[in-house]
file start10.txt (compact mmCIF, C-alpha atoms and all ligand atoms)
# COMPACT_ATOMS: atom_id res chain seq x y z
CA MET Z 1 73.44 88.31 126.51
CA GLN Z 2 72.63 91.82 125.36
CA THR Z 3 75.63 94.10 124.62
CA VAL Z 4 74.09 97.49 125.34
CA ASN Z 5 76.74 100.15 125.51
CA ARG Z 6 75.21 102.88 127.69
CA ARG Z 7 78.07 105.32 127.17
CA ARG Z 8 77.36 107.75 124.36
CA HIS Z 9 80.34 107.94 122.03
CA ASP Z 10 81.20 110.93 119.92
CA VAL Z 11 81.12 108.86 116.74
CA VAL Z 12 80.26 105.31 115.72
CA VAL Z 13 81.68 104.28 112.34
CA VAL Z 14 80.09 101.32 110.54
CA GLY Z 15 82.67 99.59 108.33
CA ALA Z 16 86.36 99.32 109.20
CA ARG Z 17 88.13 99.19 105.86
CA VAL Z 18 89.78 102.00 103.90
CA ALA Z 19 87.03 104.61 104.46
CA GLY Z 20 85.91 103.64 107.96
CA SER Z 21 89.23 102.93 109.66
CA ALA Z 22 90.83 106.03 108.13
CA THR Z 23 87.95 108.22 109.38
CA ALA Z 24 88.06 106.60 112.83
CA MET Z 25 91.85 106.96 113.06
CA LEU Z 26 91.78 110.65 112.18
CA LEU Z 27 88.91 111.41 114.56
CA ALA Z 28 90.65 109.54 117.38
CA ARG Z 29 93.88 111.44 116.67
CA LEU Z 30 91.82 114.64 116.94
CA GLY Z 31 90.86 113.55 120.44
CA HIS Z 32 87.35 112.17 119.88
CA ASP Z 33 85.77 109.09 121.40
CA VAL Z 34 85.22 106.77 118.44
CA VAL Z 35 84.02 103.21 118.06
CA VAL Z 36 84.28 101.45 114.70
CA VAL Z 37 82.39 98.23 114.03
CA ASP Z 38 82.55 95.77 111.16
CA GLN Z 39 80.73 92.55 110.50
CA ALA Z 40 84.06 91.17 109.25
CA SER Z 41 87.16 90.36 111.29
CA PHE Z 42 90.65 91.42 110.33
CA PRO Z 43 92.81 90.41 108.57
CA SER Z 44 90.27 89.59 105.85
CA ASP Z 45 89.99 90.26 102.16
CA THR Z 46 87.34 92.05 100.12
CA VAL Z 47 86.54 91.99 96.41
CA SER Z 48 88.92 94.61 95.04
CA THR Z 49 92.17 94.99 93.20
CA HIS Z 50 94.39 97.36 95.14
CA SER Z 51 96.62 99.69 93.21
CA ILE Z 52 96.81 102.95 95.14
CA ALA Z 53 97.16 106.09 93.03
CA ARG Z 54 99.74 108.75 93.92
CA SER Z 55 97.08 110.77 95.78
CA GLY Z 56 96.25 107.77 97.98
CA VAL Z 57 99.94 107.10 98.63
CA VAL Z 58 100.29 110.78 99.64
CA GLN Z 59 97.58 110.21 102.25
CA LEU Z 60 99.34 107.12 103.61
CA ARG Z 61 102.58 109.10 103.87
CA ARG Z 62 100.93 112.12 105.52
CA TRP Z 63 99.18 109.87 108.04
CA GLY Z 64 102.46 108.10 108.89
CA LEU Z 65 101.33 104.74 107.46
CA LEU Z 66 103.35 104.39 104.25
CA ASP Z 67 106.30 102.76 106.04
CA ALA Z 68 103.96 100.16 107.59
CA VAL Z 69 102.61 99.34 104.12
CA LEU Z 70 106.14 98.98 102.68
CA ASP Z 71 107.31 97.02 105.73
CA SER Z 72 104.42 94.61 105.17
CA GLY Z 73 106.23 93.50 102.01
CA ALA Z 74 104.15 95.41 99.47
CA PRO Z 75 106.76 96.23 96.81
CA ALA Z 76 107.57 99.90 96.16
CA ILE Z 77 106.51 100.20 92.52
CA ARG Z 78 108.79 102.50 90.54
CA GLN Z 79 107.88 101.74 86.94
CA VAL Z 80 104.65 101.99 84.94
CA THR Z 81 104.43 100.55 81.41
CA PHE Z 82 101.63 101.48 79.06
CA ASN Z 83 100.97 99.13 76.12
CA ALA Z 84 98.67 100.05 73.22
CA GLY Z 85 98.55 99.27 69.51
CA GLY Z 86 101.76 97.20 69.63
CA GLU Z 87 103.71 100.04 71.28
CA SER Z 88 105.07 99.99 74.78
CA ILE Z 89 106.15 103.03 76.85
CA SER Z 90 107.75 102.66 80.29
CA ARG Z 91 108.07 105.53 82.74
CA THR Z 92 109.78 105.81 86.11
CA ILE Z 93 107.56 107.12 88.90
CA LYS Z 94 108.64 110.71 89.52
CA ASP Z 95 109.21 112.14 92.99
CA LYS Z 96 106.15 114.40 93.31
CA ALA Z 97 104.01 115.53 96.24
CA GLY Z 98 106.51 113.83 98.56
CA VAL Z 99 106.01 110.40 97.01
CA ASP Z 100 108.41 108.52 94.70
CA CYS Z 101 106.68 105.15 94.42
CA LEU Z 102 103.26 103.56 94.13
CA VAL Z 103 102.01 100.55 96.10
CA ALA Z 104 99.42 97.84 95.56
CA PRO Z 105 99.07 96.14 98.97
CA ARG Z 106 96.62 93.27 99.36
CA ARG Z 107 93.46 94.50 101.04
CA TYR Z 108 93.73 92.05 103.91
CA VAL Z 109 97.05 93.76 104.71
CA LEU Z 110 96.10 97.39 104.01
CA ASP Z 111 92.76 97.27 105.81
CA THR Z 112 94.39 95.65 108.85
CA ILE Z 113 97.10 98.33 108.96
CA LEU Z 114 94.38 101.00 108.96
CA ALA Z 115 92.22 99.28 111.60
CA THR Z 116 95.31 98.84 113.80
CA ALA Z 117 96.23 102.51 113.32
CA ALA Z 118 92.68 103.50 114.34
CA GLN Z 119 93.01 101.35 117.46
CA ARG Z 120 96.46 102.76 118.29
CA ALA Z 121 95.02 106.27 117.99
CA GLY Z 122 92.47 105.36 120.66
CA ALA Z 123 89.43 104.22 118.65
CA GLU Z 124 87.63 101.13 119.86
CA VAL Z 125 87.55 98.61 117.00
CA ARG Z 126 84.82 95.98 117.26
CA PRO Z 127 84.95 93.25 114.59
CA GLY Z 128 82.11 90.76 114.23
CA VAL Z 129 79.34 93.33 114.79
CA THR Z 130 76.65 93.58 112.12
CA VAL Z 131 74.63 96.79 112.11
CA THR Z 132 70.99 96.29 111.14
CA GLY Z 133 69.65 99.83 111.58
CA VAL Z 134 69.97 103.23 113.20
CA GLN Z 135 68.35 104.67 116.30
CA ARG Z 136 66.63 108.07 116.22
CA ASP Z 137 65.54 110.47 118.91
CA GLY Z 138 62.08 112.02 119.13
CA ARG Z 139 63.01 114.66 116.53
CA GLY Z 140 64.18 112.08 114.02
CA ARG Z 141 67.87 112.77 114.55
CA VAL Z 142 70.11 109.70 114.22
CA VAL Z 143 71.62 108.94 117.65
CA GLY Z 144 73.12 105.46 117.35
CA VAL Z 145 73.07 102.04 115.72
CA VAL Z 146 71.55 98.68 116.52
CA GLY Z 147 72.72 95.28 115.41
CA HIS Z 148 74.07 92.02 116.71
CA ASP Z 149 77.33 90.28 117.34
CA ARG Z 150 78.41 86.94 115.88
CA ALA Z 151 76.65 84.98 118.57
CA GLY Z 152 73.42 86.80 117.74
CA ALA Z 153 73.45 88.93 120.90
CA PRO Z 154 71.91 92.36 120.33
CA VAL Z 155 74.28 95.33 120.17
CA GLU Z 156 73.27 98.98 120.68
CA ILE Z 157 75.76 101.80 120.38
CA ALA Z 158 74.76 105.41 121.08
CA ALA Z 159 76.76 108.23 119.47
CA ARG Z 160 76.46 111.87 118.51
CA TYR Z 161 77.24 110.90 114.91
CA VAL Z 162 76.77 107.67 112.94
CA ILE Z 163 79.10 107.27 109.97
CA GLY Z 164 78.23 104.84 107.20
CA ALA Z 165 81.52 103.50 105.80
CA ASP Z 166 79.84 100.22 104.98
CA GLY Z 167 80.40 100.05 101.25
CA LEU Z 168 78.24 100.07 98.14
CA GLY Z 169 75.30 98.23 99.69
CA SER Z 170 75.42 100.51 102.76
CA ARG Z 171 72.90 99.53 105.43
CA VAL Z 172 73.41 102.92 107.06
CA ALA Z 173 72.55 104.74 103.80
CA ARG Z 174 69.36 102.67 103.49
CA SER Z 175 68.42 103.12 107.15
CA VAL Z 176 68.76 106.91 107.05
CA GLY Z 177 67.12 107.11 103.61
CA ALA Z 178 70.10 108.82 101.94
CA ALA Z 179 69.04 110.03 98.50
CA VAL Z 180 71.00 108.98 95.43
CA ASN Z 181 71.75 112.43 94.00
CA GLU Z 182 73.39 111.36 90.76
CA VAL Z 183 73.32 108.15 88.75
CA ARG Z 184 75.34 107.63 85.60
CA PRO Z 185 75.13 104.64 83.28
CA ALA Z 186 76.50 101.50 84.90
CA GLY Z 187 79.80 100.85 83.25
CA GLY Z 188 81.78 97.75 83.17
CA ALA Z 189 83.06 94.56 84.58
CA ALA Z 190 86.34 94.17 86.47
CA GLN Z 191 87.79 90.71 87.08
CA TYR Z 192 91.10 89.59 88.54
CA ALA Z 193 93.23 86.74 89.85
CA TYR Z 194 96.67 86.37 91.45
CA TYR Z 195 99.67 84.84 89.69
CA THR Z 196 103.18 83.93 90.80
CA GLY Z 197 106.37 82.48 89.34
CA ILE Z 198 107.55 85.16 86.89
CA PRO Z 199 109.04 88.65 87.43
CA TRP Z 200 106.77 91.70 87.63
CA PRO Z 201 108.86 94.77 86.80
CA GLY Z 202 106.13 97.26 87.71
CA ILE Z 203 102.57 98.28 87.01
CA GLU Z 204 101.54 97.39 83.45
CA PHE Z 205 98.53 98.58 81.47
CA PHE Z 206 97.26 97.09 78.19
CA VAL Z 207 94.71 99.00 76.12
CA ALA Z 208 92.75 97.29 73.35
CA PRO Z 209 89.31 97.87 71.79
CA ARG Z 210 86.64 97.60 74.53
CA SER Z 211 89.17 96.44 77.07
CA PHE Z 212 91.74 97.52 79.64
CA ALA Z 213 93.94 94.95 81.38
CA GLY Z 214 96.99 95.01 83.58
CA VAL Z 215 99.37 93.92 86.29
CA PHE Z 216 99.63 95.20 89.88
CA PRO Z 217 102.68 93.70 91.66
CA THR Z 218 101.87 92.85 95.27
CA HIS Z 219 103.08 90.82 98.27
CA HIS Z 220 105.02 87.53 98.20
CA GLY Z 221 106.20 87.87 94.59
CA GLN Z 222 102.63 87.71 93.35
CA ALA Z 223 100.79 90.02 90.98
CA CYS Z 224 97.15 90.88 90.64
CA ILE Z 225 96.25 90.36 86.99
CA TRP Z 226 93.04 92.15 86.03
CA VAL Z 227 90.87 92.86 83.05
CA CYS Z 228 88.11 95.48 82.67
CA ASN Z 229 85.55 95.38 79.86
CA PRO Z 230 82.03 96.57 79.11
CA ALA Z 231 79.70 94.46 81.27
CA VAL Z 232 77.89 93.15 78.21
CA ASP Z 233 81.15 91.74 76.75
CA ALA Z 234 82.21 90.12 80.03
CA LYS Z 235 78.79 88.56 80.49
CA ALA Z 236 78.70 87.27 76.89
CA VAL Z 237 82.08 85.57 77.29
CA ARG Z 238 81.05 84.16 80.67
CA GLY Z 239 77.84 82.83 79.11
CA ARG Z 240 79.59 80.76 76.47
CA THR Z 241 82.51 79.46 78.56
CA ARG Z 242 82.46 76.71 81.17
CA SER Z 243 83.99 78.61 84.07
CA ARG Z 244 85.09 82.01 85.34
CA VAL Z 245 88.70 80.96 84.82
CA GLU Z 246 88.06 80.09 81.18
CA ALA Z 247 86.17 83.37 80.62
CA PHE Z 248 88.97 85.35 82.29
CA GLY Z 249 91.56 83.61 80.10
CA GLU Z 250 89.59 84.41 76.95
CA LEU Z 251 89.16 88.07 77.91
CA LEU Z 252 92.87 88.39 78.71
CA GLU Z 253 93.85 86.72 75.45
CA ARG Z 254 91.71 89.21 73.57
CA SER Z 255 92.78 92.24 75.62
CA ALA Z 256 96.46 91.61 76.23
CA PRO Z 257 97.78 88.66 74.19
CA ARG Z 258 101.41 89.35 75.17
CA LEU Z 259 100.49 89.28 78.86
CA ALA Z 260 98.41 86.13 78.34
CA GLU Z 261 101.45 84.53 76.70
CA ARG Z 262 103.70 85.47 79.67
CA LEU Z 263 101.14 84.08 82.11
CA ARG Z 264 101.49 80.62 80.55
CA LYS Z 265 104.82 80.40 82.47
CA ALA Z 266 103.21 81.66 85.71
CA ARG Z 267 100.95 79.89 88.20
CA ARG Z 268 97.52 81.14 89.21
CA THR Z 269 97.20 81.16 93.00
CA SER Z 270 93.58 82.30 93.46
CA PRO Z 271 90.14 81.92 91.97
CA VAL Z 272 88.95 84.61 89.53
CA GLN Z 273 86.93 87.28 91.33
CA GLY Z 274 85.39 90.61 90.49
CA MET Z 275 82.20 92.45 89.64
CA LEU Z 276 80.34 92.06 86.37
CA ARG Z 277 78.37 95.32 86.52
CA GLN Z 278 79.52 98.35 88.48
CA PRO Z 279 77.30 101.36 89.18
CA ASN Z 280 78.42 104.98 89.02
CA GLN Z 281 76.55 106.96 91.64
CA LEU Z 282 76.70 109.69 94.23
CA ARG Z 283 74.64 109.63 97.42
CA GLN Z 284 73.65 112.49 99.70
CA ALA Z 285 76.59 112.67 102.12
CA PHE Z 286 74.99 113.75 105.41
CA GLY Z 287 71.86 114.40 107.42
CA PRO Z 288 70.97 115.07 111.07
CA GLY Z 289 73.39 112.94 113.11
CA TRP Z 290 74.80 110.93 110.19
CA ALA Z 291 77.23 111.02 107.27
CA LEU Z 292 78.47 108.63 104.59
CA VAL Z 293 82.07 108.10 103.45
CA GLY Z 294 83.81 105.83 100.93
CA ASP Z 295 81.79 103.59 98.62
CA ALA Z 296 78.73 104.06 100.83
CA GLY Z 297 78.52 107.64 99.57
CA TYR Z 298 80.22 107.54 96.19
CA TYR Z 299 80.75 104.61 93.87
CA ARG Z 300 82.61 104.60 90.60
CA ASP Z 301 83.69 101.96 88.08
CA ALA Z 302 87.01 100.28 88.93
CA VAL Z 303 88.43 101.15 85.49
CA THR Z 304 90.30 104.07 87.08
CA ALA Z 305 91.31 102.05 90.19
CA TYR Z 306 90.59 105.09 92.33
CA GLY Z 307 88.18 104.00 95.08
CA ILE Z 308 90.84 103.66 97.79
CA SER Z 309 92.23 107.12 97.03
CA ASP Z 310 88.70 108.59 96.99
CA ALA Z 311 88.03 106.97 100.36
CA PHE Z 312 91.25 108.35 101.89
CA ARG Z 313 90.55 111.89 100.63
CA ASP Z 314 86.94 111.88 101.84
CA ALA Z 315 87.79 110.28 105.20
CA GLU Z 316 89.97 113.29 105.93
CA LEU Z 317 87.39 115.81 104.71
CA LEU Z 318 84.76 114.15 106.91
CA ALA Z 319 87.01 113.86 109.99
CA VAL Z 320 87.83 117.58 109.80
CA ALA Z 321 84.13 118.48 109.39
CA LEU Z 322 83.07 116.25 112.31
CA ASP Z 323 85.85 117.68 114.47
CA GLN Z 324 84.29 121.13 113.93
CA ALA Z 325 80.76 119.89 114.61
CA LEU Z 326 81.82 117.99 117.74
CA GLY Z 327 83.62 121.07 119.04
CA ASP Z 328 80.63 123.35 118.55
CA ALA Z 329 77.18 121.90 117.78
CA GLU Z 330 76.11 125.16 116.15
CA GLN Z 331 78.72 124.59 113.46
CA GLU Z 332 77.23 121.23 112.45
CA PRO Z 333 75.08 122.39 109.51
CA ALA Z 334 77.89 124.38 107.89
CA ALA Z 335 80.56 121.78 108.66
CA LEU Z 336 78.63 118.83 107.19
CA ALA Z 337 77.34 120.81 104.22
CA GLY Z 338 80.96 121.84 103.65
CA TYR Z 339 81.98 118.17 103.71
CA GLN Z 340 79.47 117.28 101.00
CA GLN Z 341 80.40 120.28 98.91
CA GLN Z 342 84.14 119.61 99.15
CA ARG Z 343 83.64 115.90 98.42
CA ASP Z 344 81.46 116.59 95.39
CA GLN Z 345 83.89 119.16 94.05
CA ALA Z 346 86.99 117.06 94.68
CA LEU Z 347 85.62 113.92 93.03
CA ARG Z 348 84.11 115.62 89.98
CA GLU Z 349 86.98 115.57 87.48
CA ILE Z 350 87.98 111.95 88.04
CA PHE Z 351 84.32 110.84 88.25
CA GLU Z 352 83.70 112.34 84.79
CA LEU Z 353 86.83 110.67 83.42
CA THR Z 354 85.81 107.37 85.02
CA CYS Z 355 82.36 107.47 83.43
CA ARG Z 356 83.89 108.22 80.03
CA LEU Z 357 86.53 105.50 80.36
CA ALA Z 358 83.91 103.00 81.57
CA ALA Z 359 82.05 103.57 78.28
CA TYR Z 360 85.12 102.16 76.46
CA PRO Z 361 85.52 104.71 73.67
CA ALA Z 362 87.83 104.03 70.70
CA VAL Z 363 91.45 103.30 71.70
CA PRO Z 364 92.92 106.77 70.84
CA THR Z 365 90.23 108.47 72.96
CA PHE Z 366 90.74 105.95 75.78
CA ILE Z 367 94.47 106.75 75.78
CA GLU Z 368 93.82 110.51 75.77
CA LEU Z 369 91.45 110.09 78.75
CA GLN Z 370 94.14 108.09 80.57
CA LYS Z 371 96.56 111.01 80.11
CA GLN Z 372 93.94 113.38 81.52
CA LEU Z 373 93.42 110.98 84.44
CA SER Z 374 97.12 110.93 85.21
CA ALA Z 375 97.25 114.76 85.25
CA ALA Z 376 94.12 114.95 87.45
CA ILE Z 377 95.65 112.48 89.94
CA ASP Z 378 98.85 114.55 90.12
CA ARG Z 379 96.81 117.70 90.80
CA GLU Z 380 94.87 115.99 93.57
CA ALA Z 381 98.09 114.55 95.06
CA ALA Z 382 99.65 118.04 95.16
CA ALA Z 383 96.52 119.54 96.75
CA LEU Z 384 96.43 116.83 99.44
CA ALA Z 385 100.15 117.16 100.15
CA ALA Z 386 99.64 120.88 100.85
CA ARG Z 387 96.93 120.34 103.49
CA PRO Z 388 97.61 120.38 107.23
CA VAL Z 389 97.57 116.84 108.68
CA PRO Z 390 94.67 116.32 111.11
CA GLY Z 391 95.99 115.29 114.54
CA GLU Z 392 99.58 115.79 113.43
CA PHE Z 393 100.65 116.57 116.99
CA VAL Z 394 99.36 113.18 118.17
CA LEU Z 395 101.14 111.51 115.27
CA ALA Z 396 104.42 113.28 116.08
CA SER Z 397 104.31 112.31 119.75
CA ALA Z 398 103.19 108.67 119.20
C1 LIG A 1 86.77 94.56 91.16
C2 LIG A 1 87.19 95.83 91.87
C3 LIG A 1 88.47 96.30 91.71
C4 LIG A 1 88.85 97.47 92.36
N1 LIG A 1 90.15 97.91 92.21
C5 LIG A 1 90.57 99.02 92.85
C6 LIG A 1 91.92 99.45 92.76
O1 LIG A 1 92.78 98.81 92.11
N2 LIG A 1 92.27 100.59 93.41
C7 LIG A 1 91.38 101.33 94.13
O2 LIG A 1 91.75 102.38 94.67
N3 LIG A 1 90.09 100.92 94.25
C8 LIG A 1 89.66 99.79 93.65
N4 LIG A 1 88.38 99.37 93.77
C9 LIG A 1 87.46 100.17 94.61
C10 LIG A 1 87.70 99.88 96.09
O3 LIG A 1 87.66 98.50 96.34
C11 LIG A 1 86.60 100.56 96.94
O4 LIG A 1 86.44 101.89 96.52
C12 LIG A 1 86.96 100.51 98.41
O5 LIG A 1 86.99 99.19 98.88
C13 LIG A 1 85.95 101.30 99.24
O6 LIG A 1 86.25 101.14 100.59
P1 LIG A 1 85.15 101.34 101.72
O7 LIG A 1 85.91 101.29 103.01
O8 LIG A 1 84.31 102.50 101.39
O9 LIG A 1 84.18 100.10 101.61
P2 LIG A 1 84.43 98.53 101.65
O10 LIG A 1 85.84 98.20 101.29
O11 LIG A 1 83.33 97.94 100.85
O12 LIG A 1 84.26 98.15 103.20
C14 LIG A 1 82.99 98.20 103.80
C15 LIG A 1 83.07 97.44 105.12
O13 LIG A 1 81.79 97.60 105.76
C16 LIG A 1 81.44 96.38 106.37
N5 LIG A 1 79.98 96.34 106.48
C17 LIG A 1 79.07 96.36 105.47
N6 LIG A 1 77.82 96.33 105.96
C18 LIG A 1 77.94 96.26 107.31
C19 LIG A 1 77.00 96.18 108.36
N7 LIG A 1 75.68 96.19 108.12
N8 LIG A 1 77.46 96.11 109.64
C20 LIG A 1 78.79 96.11 109.91
N9 LIG A 1 79.72 96.18 108.93
C21 LIG A 1 79.31 96.26 107.65
C22 LIG A 1 81.97 95.30 105.43
O14 LIG A 1 82.17 94.09 106.15
C23 LIG A 1 83.28 95.93 104.95
O15 LIG A 1 84.37 95.51 105.73
C24 LIG A 1 87.94 98.19 93.16
C25 LIG A 1 86.65 97.71 93.31
C26 LIG A 1 86.27 96.53 92.68
C27 LIG A 1 84.88 96.01 92.89

call {"tool": "encode", "arguments": {"input": "start10.txt", "output": "structure tokens", "more": "lines below"}}
Ligand SMILES: Cc1cc2nc3c(=O)[nH]c(=O)nc-3n(C[C@H](O)[C@H](O)[C@H](O)COP(=O)(O)OP(=O)(O)OC[C@H]3O[C@@H](n4cnc5c(N)ncnc54)[C@H](O)[C@@H]3O)c2cc1C
result
Amino acid sequence: MQTVNRRRHDVVVVGARVAGSATAMLLARLGHDVVVVDQASFPSDTVSTHSIARSGVVQLRRWGLLDAVLDSGAPAIRQVTFNAGGESISRTIKDKAGVDCLVAPRRYVLDTILATAAQRAGAEVRPGVTVTGVQRDGRGRVVGVVGHDRAGAPVEIAARYVIGADGLGSRVARSVGAAVNEVRPAGGAAQYAYYTGIPWPGIEFFVAPRSFAGVFPTHHGQACIWVCNPAVDAKAVRGRTRSRVEAFGELLERSAPRLAERLRKARRTSPVQGMLRQPNQLRQAFGPGWALVGDAGYYRDAVTAYGISDAFRDAELLAVALDQALGDAEQEPAALAGYQQQRDQALREIFELTCRLAAYPAVPTFIELQKQLSAAIDREAAALAARPVPGEFVLASA
């Protein structure tokens, strides 16, 4: 049976995780008719560790979702410990930009909270729909998407704007021919697994030559244990070991021997996952009838653990721009160009730091770059906290 939706929506968002559901939620709160589709169903996981930087936590608080994340059992993280060269420094998370803790919720929890919030705001959320391409009108403007549901039935959704929030391999970006405007050397590998059975006092970082490892405490007394290295090192270790688990163990032993020692008393509860080679790239963010948000538009190495916060910031920039364009079609060119310009400006400092960190410079330089990263995150958190909240009235009356 063909699922042809004859009603033209204001916006169809492809991808319902941190970028897509946040964009859909904000647009729906601003009063627009939004449908968000995803080939996945929720709750479901994705390949990602999940520490949210202060700026991302600020967004959750401003959008009224931080309590839901904490109520889900994600621990409020109040301590960060930095280990390098045999020294260990612990700091308490300061109360800044309206936030006094960090969180590292599992993605199957976080993404479901966002998709539910989009639905509550009035967006139609359609899991199990795979988009295979876009539709264009006679002038080449994008006017909808085509795809199929899980049973293979065709799906067509018409909309004034198509938003690609469909991740690094974005089908929307390919279908619209979005140019890759900037490519930097592909950086490193990021691998992780979950452990339980020992206490996790907070976020921990371990810096060693050509490696960065750590602990993100998460739900159910578990922690995400991760290690980032140059791709070439991770691949070499993988090549001479018998399994991913063995390779992960060897990398951890080399990167953070004290953590590896502690983990001998813990129990691993998941396979080892991750990415062995991560690109650093920036795509064109918009065109006639379409825009990209999240990893679909901007991808950076996970060494700075910043993709969720980038997605939250850019979801809001895009929702505000689309709100303008939907209100007055003549404003579209300026509104969408403004979105790309603000995105590119906002991401610049941390993108540069990410590219430098992903090249794994000598340990003292790596530590200095981490300090610069921390200051840049605080600046972004303060800037976000000072912005008006889109659809705040709807939020207040919900
Ligand atoms: C190993 C690793 C560790 C990371 N650790 C962190 C971290 O600690 N902190 C942090 O902030 N960031 C981290 N990141 C980055 C973070 O995971 C991403 O930036 C974030 O997931 C981007 O969200 P997104 O919504 O743009 O895309 P995604 O999370 O990739 O979601 C895209 C969605 O689109 C759907 N989709 C794709 N194609 C189609 C289609 N054709 N039709 C319908 N649906 C489709 C997919 O099913 C998916 O649900 C990490 C990344 C990796 C790889």

call {"tool": "residues_around", "arguments": {"input": "start10.txt", "residues": "range 48-53 of chain Z", "least_positions_apart": "6", "cutoff": "8 Å", "atoms": "all atoms listed in the file", "output": "PyMOL selection string"}}
result
chain Z and resi 102-107+192+216+224+226+274+305-306+308-309+377

call {"tool": "residues_near_ligand", "arguments": {"input": "start10.txt", "ligand": "ligand LIG 1 (chain A)", "cutoff": "6 Å", "atoms": "only C-alpha atoms and all ligand atoms", "output": "JSON, numbers by chain"}}
result
{"Z": [14, 15, 16, 17, 18, 19, 20, 37, 38, 39, 40, 47, 48, 49, 50, 51, 52, 129, 130, 131, 132, 165, 166, 167, 170, 171, 190, 191, 274, 275, 294, 295, 296, 302, 305, 306, 307, 308, 309, 311]}

call {"tool": "residues_around", "arguments": {"input": "start10.txt", "residues": "Asp344 in chain Z", "least_positions_apart": "6", "cutoff": "10 Å", "atoms": "only C-alpha atoms", "output": "PyMOL selection string"}}
result
chain Z and resi 282-285+298+314+338+351

call {"tool": "residues_around", "arguments": {"input": "start10.txt", "residues": "Ala346 in chain Z", "least_positions_apart": "6", "cutoff": "10 Å", "atoms": "all atoms listed in the file", "output": "list in words"}}
result
Asp310, Arg313, Asp314, Gln340 and Glu380 of chain Z

call {"tool": "residues_near_point", "arguments": {"input": "start10.txt", "point": "(69.9, 113.1, 117.1)", "cutoff": "9 Å", "atoms": "only C-alpha atoms", "output": "list in words"}}
result
Gln135, Arg136, Asp137, Gly138, Arg139, Gly140, Arg141, Val142, Val143, Gly144, Ala159, Arg160, Tyr161, Pro288, Gly289 and Trp290 of chain Z

call {"tool": "residues_around", "arguments": {"input": "start10.txt", "residues": "Leu276 in chain Z", "least_positions_apart": "4", "cutoff": "8 Å", "atoms": "all atoms listed in the file", "output": "compact mmCIF listing (two decimals) with C-alpha atoms, keeping the file's coordinate frame"}}
result
# COMPACT_ATOMS: atom_id res chain seq x y z
CA GLY Z 188 81.78 97.75 83.17
CA ALA Z 189 83.06 94.56 84.58
CA ALA Z 190 86.34 94.17 86.47
CA GLN Z 191 87.79 90.71 87.08
CA ALA Z 231 79.70 94.46 81.27
CA ALA Z 234 82.21 90.12 80.03
CA LYS Z 235 78.79 88.56 80.49
